[in-house]
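In what follows, a structure is listed as structure tokens, so that the remarks can point back to it.
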Amino acid sequence: MSQTRERLPAQVAAGSPGAGGSEGSMSSGRPAGAARPPGRPRSERADKAIVEATVDLLAEEGGVAGVSIEAVAARAGVGKTTIYRRWPNKEALIIDALAALKEPFPAPVGASVREDLIAIAQAFVSNKTDKKRLDCYWSIMGGAERYPELMARFTREVIEPRRDVIRTVLRRGVTAGELRPDLDVETALWLIMGALAQRARAFGAGPVPDDFAARVVDALMTGIAAR
């Protein structure tokens with residue numbers, strides 16, 4: 001499976017480790033920021049149609065196996081060559097489509113650990129209130145054993161940068177004396193993300209209480225705040 005790195009323009013804020021997601025332009029194998037070769041300009045409308053078609057198929061067909069370049073092309077109303085000019089293979093397209101579903105975490109402003117974690121938790125929760133997004137996410141998670149390389153790449157390129165945002169907040173809190181000096185950052189990370197993800201899995205898409213993110217963070221802070 002290709003290990004070429006591809007990115008979506010929609011994930012501008014999400015790409016840097018400090019912003020929590022993928023960054024850069026949708027790739028056809030060219031390094032991010034490199035000059036585009038001469039030729040016909042790419043159509044943003046086609047880009048969007050292709051990504052949306054991929055997301056729809058992932059949700060409707062229940063996973064990676066139900067997605068093909070032929071099906072995406074037919075759904076998006078483009079030719080297969082249009083897709084291959086942008087992505088080298090199906091796996092690269094799926095990674096970009098999944099990245100498009102992930103709203104960027106807000107950049108930590110540094111007011112306090114609690115405020116930053118609540119803002120991140122609210123962004124996480126709001127990203128899980130759309131049924132199609134959830135269907136895509138769980139279809140990929142459910143197929144992790146069948147597509148280990150795809151899952152590893154999805155984790156590395158889409159999930160880990162978001163986790164890094166939380167790690168940054170927690171480590172800053174330790175340094176500033178807001179959090180316990182002996183804090184296990186990874187355990188705290190999994191506690192907050194696990195609680196938020198499990199809520200989405202248990203209850204699915206739909207309204208979330210306005211104070212849910214704050215309640216999760218406050219429960220966590222009870223155990224990790226400096227005393």
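Just remember, in the structure tokens the first chain shown is A, the second B, etc., residues are 1-based per chain, and ligands are 1-based in the order shown.
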
- Task: Quick one: everything within 8 Å of range 172-182 of chain A, counting only C-alpha atoms, minus sequence neighbours fewer than 2 positions away in the same chain. Send it as a ChimeraX atom specification.
- Result: /A:112-113,168-170,184,224-227

Residue with smallest distance to Thr82 in chain A - pool A:Ser126, A:Arg45, A:Ala213, A:Gly110, counting only C-alpha atoms: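 Counting only C-alpha atoms, the residue closest to Thr82 in chain A is A:Arg45.
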
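The closest residue to Leu183 in chain A, picked from A:Ala119, A:Cys136, A:Met221, A:Val158 and counting only C-alpha atoms, is A:Met221.
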
_Excluding Val217 in chain A and its own-chain neighbours fewer than 3 positions away, which residues fall within 9 Å of it when counting only C-alpha atoms? Please give them as a ChimeraX atom specification._
/A:114,117-118,121,192,212-214,220-222

Keeping C-alpha atoms for every residue in the selection just given, could you write it to a file as an mmCIF file, in the first residue's frame?
```cif
data_model
loop_
_atom_site.group_PDB
_atom_site.id
_atom_site.type_symbol
_atom_site.label_atom_id
_atom_site.label_comp_id
_atom_site.auth_asym_id
_atom_site.auth_seq_id
_atom_site.Cartn_x
_atom_site.Cartn_y
_atom_site.Cartn_z
ATOM 1 C CA ARG A 114 -9.323 23.794 31.774
ATOM 2 C CA LEU A 117 -9.408 21.310 27.189
ATOM 3 C CA ILE A 118 -13.063 22.371 27.163
ATOM 4 C CA ALA A 121 -13.638 18.683 23.892
ATOM 5 C CA ILE A 192 -10.482 12.538 27.990
ATOM 6 C CA PHE A 212 -21.129 17.876 28.415
ATOM 7 C CA ALA A 213 -17.592 18.858 27.377
ATOM 8 C CA ALA A 214 -17.122 20.925 30.531
ATOM 9 C CA LEU A 220 -10.667 14.782 34.657
ATOM 10 C CA MET A 221 -9.303 17.904 36.343
ATOM 11 C CA THR A 222 -10.411 16.561 39.734
#
```

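Proximity ranking of A:Asp96, A:Gly63, A:Val55, A:Met151 relative to Ala76 in chain A places A:Val55 first, based on only C-alpha atoms.
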
request  = List every residue of range 30-168 of chain A that DSSP, applied to the backbone of this structure, places in alpha helix (DSSP H), and write the result as an MDAnalysis selection string.
outcome  = chainID A and resid 44:61 69:76 80:84 90:101 113:126 131:142 148:154 160:168

May I have the residues from that selection written out with C-alpha atoms, as a compact mmCIF listing (two decimals), in the first residue's frame?
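Generated file (out36.txt):
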```
# COMPACT_ATOMS: atom_id res chain seq x y z
CA GLU A 44 -11.96 22.70 -6.67
CA ARG A 45 -15.48 21.65 -7.56
CA ALA A 46 -14.19 18.30 -8.81
CA ASP A 47 -12.01 17.90 -5.70
CA LYS A 48 -15.02 18.46 -3.46
CA ALA A 49 -17.29 16.17 -5.48
CA ILE A 50 -14.74 13.35 -5.38
CA VAL A 51 -14.21 13.63 -1.63
CA GLU A 52 -17.95 13.84 -0.92
CA ALA A 53 -18.59 10.82 -3.13
CA THR A 54 -15.95 8.86 -1.23
CA VAL A 55 -17.48 9.81 2.12
CA ASP A 56 -20.96 8.85 0.90
CA LEU A 57 -19.76 5.45 -0.27
CA LEU A 58 -17.88 4.77 2.96
CA ALA A 59 -21.04 5.52 4.93
CA GLU A 60 -23.45 3.68 2.63
CA GLU A 61 -21.35 0.61 1.89
CA ILE A 69 -12.33 4.33 -7.95
CA GLU A 70 -15.00 3.39 -10.49
CA ALA A 71 -17.82 3.90 -7.98
CA VAL A 72 -16.38 7.19 -6.77
CA ALA A 73 -16.00 8.47 -10.32
CA ALA A 74 -19.58 7.54 -11.16
CA ARG A 75 -20.95 9.15 -7.99
CA ALA A 76 -18.87 12.32 -8.43
CA LYS A 80 -11.31 7.91 -13.38
CA THR A 81 -8.35 9.79 -14.84
CA THR A 82 -9.51 12.91 -12.99
CA ILE A 83 -9.22 10.99 -9.72
CA TYR A 84 -5.86 9.43 -10.56
CA LYS A 90 -7.96 4.27 -3.43
CA GLU A 91 -6.27 4.22 -0.05
CA ALA A 92 -4.81 7.72 -0.51
CA LEU A 93 -8.24 9.03 -1.52
CA ILE A 94 -9.89 7.46 1.52
CA ILE A 95 -7.32 9.02 3.87
CA ASP A 96 -8.04 12.48 2.44
CA ALA A 97 -11.79 11.90 2.61
CA LEU A 98 -11.53 10.91 6.26
CA ALA A 99 -9.30 13.89 7.00
CA ALA A 100 -11.99 16.14 5.52
CA LEU A 101 -14.44 14.84 8.11
CA VAL A 113 -5.63 24.11 30.95
CA ARG A 114 -9.32 23.79 31.77
CA GLU A 115 -10.43 26.35 29.18
CA ASP A 116 -8.23 24.85 26.47
CA LEU A 117 -9.41 21.31 27.19
CA ILE A 118 -13.06 22.37 27.16
CA ALA A 119 -12.61 24.08 23.78
CA ILE A 120 -10.96 20.94 22.41
CA ALA A 121 -13.64 18.68 23.89
CA GLN A 122 -16.40 20.83 22.41
CA ALA A 123 -14.76 20.60 18.98
CA PHE A 124 -14.50 16.83 19.37
CA VAL A 125 -18.14 16.48 20.38
CA SER A 126 -19.44 18.76 17.61
CA LYS A 131 -24.56 10.69 11.31
CA LYS A 132 -22.63 10.39 8.06
CA ARG A 133 -19.39 11.36 9.77
CA LEU A 134 -20.00 8.81 12.49
CA ASP A 135 -20.89 6.07 10.03
CA CYS A 136 -17.66 6.69 8.12
CA TYR A 137 -15.56 6.77 11.26
CA TRP A 138 -16.94 3.58 12.74
CA SER A 139 -16.80 1.77 9.41
CA ILE A 140 -13.07 2.48 9.27
CA MET A 141 -12.52 1.56 12.91
CA GLY A 142 -14.49 -1.64 12.42
CA PRO A 148 -4.04 -2.46 9.14
CA GLU A 149 -1.85 -0.30 6.90
CA LEU A 150 -4.71 2.05 6.06
CA MET A 151 -5.65 2.29 9.73
CA ALA A 152 -2.05 2.95 10.74
CA ARG A 153 -1.79 5.70 8.18
CA PHE A 154 -5.13 7.22 9.21
CA GLU A 160 -2.11 11.69 16.07
CA PRO A 161 -1.80 15.42 15.21
CA ARG A 162 -5.08 15.98 17.07
CA ARG A 163 -3.83 14.04 20.07
CA ASP A 164 -0.69 16.18 20.01
CA VAL A 165 -2.80 19.26 20.66
CA ILE A 166 -4.05 17.72 23.91
CA ARG A 167 -0.56 16.57 24.85
CA THR A 168 0.69 20.12 24.37
```

Across A:Glu157, A:Asp211, A:Val216, A:Pro104, the smallest distance to Ala197 in chain A, with only C-alpha atoms counted, is shown by A:Val216
